[in-house]
>>> print(open('input-v1.txt').read())   # compact mmCIF, C-alpha atoms
# COMPACT_ATOMS: atom_id res chain seq x y z
CA MET X 1 -26.30 88.33 42.27
CA SER X 2 -27.80 88.58 38.81
CA GLN X 3 -29.74 85.64 37.43
CA PRO X 4 -28.80 84.36 33.97
CA LYS X 5 -31.00 85.74 31.21
CA ASN X 6 -33.45 83.51 29.37
CA VAL X 7 -35.11 83.61 25.95
CA HIS X 8 -38.56 82.44 24.87
CA ILE X 9 -38.47 80.50 21.60
CA LYS X 10 -41.72 79.82 19.71
CA LEU X 11 -41.98 77.48 16.70
CA SER X 12 -43.98 79.53 14.19
CA ARG X 13 -43.35 77.55 10.97
CA SER X 14 -43.08 73.83 10.29
CA PRO X 15 -39.61 72.42 9.61
CA ILE X 16 -41.14 70.01 7.05
CA GLY X 17 -39.68 70.75 3.63
CA TYR X 18 -36.43 72.15 5.00
CA GLU X 19 -33.14 70.36 5.60
CA LYS X 20 -33.46 67.44 8.01
CA SER X 21 -30.87 69.01 10.30
CA GLN X 22 -33.13 72.04 10.80
CA GLY X 23 -35.95 69.82 12.04
CA LEU X 24 -33.51 68.05 14.34
CA THR X 25 -32.33 71.41 15.67
CA ALA X 26 -35.92 72.36 16.49
CA ARG X 27 -36.35 69.01 18.30
CA ALA X 28 -33.11 69.58 20.22
CA LEU X 29 -34.52 72.88 21.45
CA GLY X 30 -37.62 71.02 22.65
CA LEU X 31 -39.90 72.33 19.91
CA THR X 32 -42.13 69.49 18.74
CA ARG X 33 -45.41 71.23 17.83
CA LEU X 34 -46.31 74.41 15.97
CA GLY X 35 -47.01 77.25 18.35
CA GLN X 36 -45.08 75.60 21.17
CA THR X 37 -42.95 77.91 23.30
CA VAL X 38 -39.91 76.91 25.33
CA VAL X 39 -37.55 78.86 27.59
CA HIS X 40 -33.78 78.39 27.34
CA PRO X 41 -30.81 80.23 28.83
CA ASP X 42 -29.43 82.96 26.60
CA ASN X 43 -26.00 81.54 25.77
CA GLU X 44 -23.88 81.03 22.66
CA SER X 45 -24.94 77.45 21.97
CA VAL X 46 -28.65 78.25 22.14
CA ARG X 47 -28.12 81.40 20.04
CA GLY X 48 -26.35 79.29 17.39
CA MET X 49 -29.28 76.87 17.27
CA ILE X 50 -31.72 79.78 16.99
CA PHE X 51 -29.63 81.27 14.16
CA LYS X 52 -29.80 78.00 12.22
CA ILE X 53 -33.62 77.91 12.30
CA ARG X 54 -34.28 81.66 12.53
CA HIS X 55 -36.78 81.43 9.65
CA LEU X 56 -38.90 78.93 11.65
CA VAL X 57 -38.98 80.56 15.09
CA VAL X 58 -39.92 83.75 16.90
CA VAL X 59 -37.60 84.75 19.76
CA ALA X 60 -38.39 87.07 22.67
CA ALA X 61 -36.51 87.97 25.84
CA ALA X 62 -37.95 86.32 28.96
CA THR X 63 -39.23 88.67 31.65
CA GLU X 64 -37.88 88.47 35.18
CA GLU X 65 -41.18 87.24 36.66
CA ALA X 66 -41.69 84.53 34.04
CA SER X 67 -38.17 83.15 34.33
CA THR X 68 -38.29 82.55 38.09
CA VAL X 69 -39.91 79.26 38.89
>>> encode(input="input-v1.txt", output="structure tokens")
Amino acid sequence: MSQPKNVHIKLSRSPIGYEKSQGLTARALGLTRLGQTVVHPDNESVRGMIFKIRHLVVVAAATEEASTV
């Protein structure tokens, strides 16, 4: 069975000065500090959130070893 794919999301720019909803989207993803990286499943809802704040984040595919805990 194949495990679901994950994505690494890193907050690279501050949401201060942008729409309030963009800061709230970053918080909803678990991004509270600059440089912080979180791992989320690669699904449509997470991709939509990433798209909304794409100018604030850097996204990379999670490797197999890093995603197994």
>>> closest_atom_pairs(input="input-v1.txt", of="range 34-53 of chain X", to="range 3-7 of chain X", cutoff="9 Å", atoms="only C-alpha atoms", output="JSON lines")
{"residue": "X:Val38", "atom": "CA", "partner": "X:Val7", "partner_atom": "CA", "distance": 8.3}
{"residue": "X:Val39", "atom": "CA", "partner": "X:Val7", "partner_atom": "CA", "distance": 5.6}
{"residue": "X:His40", "atom": "CA", "partner": "X:Asn6", "partner_atom": "CA", "distance": 5.5}
{"residue": "X:Pro41", "atom": "CA", "partner": "X:Asn6", "partner_atom": "CA", "distance": 4.2}
{"residue": "X:Asp42", "atom": "CA", "partner": "X:Asn6", "partner_atom": "CA", "distance": 4.9}
{"residue": "X:Asn43", "atom": "CA", "partner": "X:Lys5", "partner_atom": "CA", "distance": 8.5}
>>> atom_distance(input="input-v1.txt", atom1="CA of Ala62 in chain X", atom2="CA of Ile16 in chain X")
27.5 Å
>>> atom_distance(input="input-v1.txt", atom1="CA of Tyr18 in chain X", atom2="CA of Val46 in chain X")
19.8 Å
>>> atom_distance(input="input-v1.txt", atom1="CA of Ser14 in chain X", atom2="CA of Glu44 in chain X")
23.9 Å
>>> residues_near_point(input="input-v1.txt", point="(-36.9, 71.5, 11.2)", cutoff="12 Å", atoms="all atoms listed in the file", output="PyMOL selection string")
chain X and resi 11-34+49-50+52-57
>>> axis_aligned_box(input="input-v1.txt", around="range 25-37 of chain X", padding_each_side="5 Å", output="JSON")
{"center_x": -39.7, "center_y": 73.5, "center_z": 19.5, "size_x": 24.7, "size_y": 18.9, "size_z": 17.6}
>>> closest_residue(input="input-v1.txt", among="X:Val58, X:Thr63, X:Gly48, X:Gly35", to="Ile9 in chain X", atoms="all atoms listed in the file")
X:Val58
>>> build_atoms(input="input-v1.txt", residues="range 17-39 of chain X", atoms="N, CA and C atoms", output="PDB file, in the coordinates of the input")
ATOM      1  N   GLY X  17     -40.048  70.139   4.896  1.00  0.00           N
ATOM      2  CA  GLY X  17     -39.680  70.750   3.630  1.00  0.00           C
ATOM      3  C   GLY X  17     -38.346  71.457   3.674  1.00  0.00           C
ATOM      4  N   TYR X  18     -37.759  71.562   4.845  1.00  0.00           N
ATOM      5  CA  TYR X  18     -36.430  72.150   5.000  1.00  0.00           C
ATOM      6  C   TYR X  18     -35.426  71.025   5.250  1.00  0.00           C
ATOM      7  N   GLU X  19     -34.156  71.360   5.332  1.00  0.00           N
ATOM      8  CA  GLU X  19     -33.140  70.360   5.600  1.00  0.00           C
ATOM      9  C   GLU X  19     -33.479  69.573   6.859  1.00  0.00           C
ATOM     10  N   LYS X  20     -33.159  68.294   6.859  1.00  0.00           N
ATOM     11  CA  LYS X  20     -33.460  67.440   8.010  1.00  0.00           C
ATOM     12  C   LYS X  20     -32.795  67.972   9.278  1.00  0.00           C
ATOM     13  N   SER X  21     -31.585  68.513   9.131  1.00  0.00           N
ATOM     14  CA  SER X  21     -30.870  69.010  10.300  1.00  0.00           C
ATOM     15  C   SER X  21     -31.597  70.171  10.972  1.00  0.00           C
ATOM     16  N   GLN X  22     -32.381  70.930  10.205  1.00  0.00           N
ATOM     17  CA  GLN X  22     -33.130  72.040  10.800  1.00  0.00           C
ATOM     18  C   GLN X  22     -34.271  71.511  11.657  1.00  0.00           C
ATOM     19  N   GLY X  23     -34.922  70.452  11.220  1.00  0.00           N
ATOM     20  CA  GLY X  23     -35.950  69.820  12.040  1.00  0.00           C
ATOM     21  C   GLY X  23     -35.364  69.220  13.293  1.00  0.00           C
ATOM     22  N   LEU X  24     -34.176  68.632  13.174  1.00  0.00           N
ATOM     23  CA  LEU X  24     -33.510  68.050  14.340  1.00  0.00           C
ATOM     24  C   LEU X  24     -33.070  69.134  15.321  1.00  0.00           C
ATOM     25  N   THR X  25     -32.690  70.288  14.797  1.00  0.00           N
ATOM     26  CA  THR X  25     -32.330  71.410  15.670  1.00  0.00           C
ATOM     27  C   THR X  25     -33.542  71.886  16.451  1.00  0.00           C
ATOM     28  N   ALA X  26     -34.691  71.964  15.797  1.00  0.00           N
ATOM     29  CA  ALA X  26     -35.920  72.360  16.490  1.00  0.00           C
ATOM     30  C   ALA X  26     -36.244  71.353  17.587  1.00  0.00           C
ATOM     31  N   ARG X  27     -36.101  70.056  17.295  1.00  0.00           N
ATOM     32  CA  ARG X  27     -36.350  69.010  18.300  1.00  0.00           C
ATOM     33  C   ARG X  27     -35.376  69.148  19.469  1.00  0.00           C
ATOM     34  N   ALA X  28     -34.122  69.447  19.167  1.00  0.00           N
ATOM     35  CA  ALA X  28     -33.110  69.580  20.220  1.00  0.00           C
ATOM     36  C   ALA X  28     -33.433  70.746  21.144  1.00  0.00           C
ATOM     37  N   LEU X  29     -34.094  71.754  20.616  1.00  0.00           N
ATOM     38  CA  LEU X  29     -34.520  72.880  21.450  1.00  0.00           C
ATOM     39  C   LEU X  29     -35.786  72.557  22.236  1.00  0.00           C
ATOM     40  N   GLY X  30     -36.409  71.414  21.949  1.00  0.00           N
ATOM     41  CA  GLY X  30     -37.620  71.020  22.650  1.00  0.00           C
ATOM     42  C   GLY X  30     -38.887  71.456  21.941  1.00  0.00           C
ATOM     43  N   LEU X  31     -38.752  71.865  20.685  1.00  0.00           N
ATOM     44  CA  LEU X  31     -39.900  72.330  19.910  1.00  0.00           C
ATOM     45  C   LEU X  31     -40.418  71.177  19.061  1.00  0.00           C
ATOM     46  N   THR X  32     -41.576  70.636  19.446  1.00  0.00           N
ATOM     47  CA  THR X  32     -42.130  69.490  18.740  1.00  0.00           C
ATOM     48  C   THR X  32     -43.437  69.807  18.029  1.00  0.00           C
ATOM     49  N   ARG X  33     -44.120  70.879  18.421  1.00  0.00           N
ATOM     50  CA  ARG X  33     -45.410  71.230  17.830  1.00  0.00           C
ATOM     51  C   ARG X  33     -45.418  72.700  17.420  1.00  0.00           C
ATOM     52  N   LEU X  34     -46.160  73.015  16.370  1.00  0.00           N
ATOM     53  CA  LEU X  34     -46.310  74.410  15.970  1.00  0.00           C
ATOM     54  C   LEU X  34     -46.966  75.207  17.089  1.00  0.00           C
ATOM     55  N   GLY X  35     -46.464  76.388  17.314  1.00  0.00           N
ATOM     56  CA  GLY X  35     -47.010  77.250  18.350  1.00  0.00           C
ATOM     57  C   GLY X  35     -46.453  76.977  19.731  1.00  0.00           C
ATOM     58  N   GLN X  36     -45.650  75.942  19.861  1.00  0.00           N
ATOM     59  CA  GLN X  36     -45.080  75.600  21.170  1.00  0.00           C
ATOM     60  C   GLN X  36     -43.990  76.598  21.534  1.00  0.00           C
ATOM     61  N   THR X  37     -43.952  76.978  22.799  1.00  0.00           N
ATOM     62  CA  THR X  37     -42.950  77.910  23.300  1.00  0.00           C
ATOM     63  C   THR X  37     -42.131  77.252  24.386  1.00  0.00           C
ATOM     64  N   VAL X  38     -40.816  77.432  24.316  1.00  0.00           N
ATOM     65  CA  VAL X  38     -39.910  76.910  25.330  1.00  0.00           C
ATOM     66  C   VAL X  38     -39.026  78.045  25.832  1.00  0.00           C
ATOM     67  N   VAL X  39     -38.458  77.872  27.013  1.00  0.00           N
ATOM     68  CA  VAL X  39     -37.550  78.860  27.590  1.00  0.00           C
ATOM     69  C   VAL X  39     -36.190  78.205  27.750  1.00  0.00           C
TER      70      VAL X  39
END
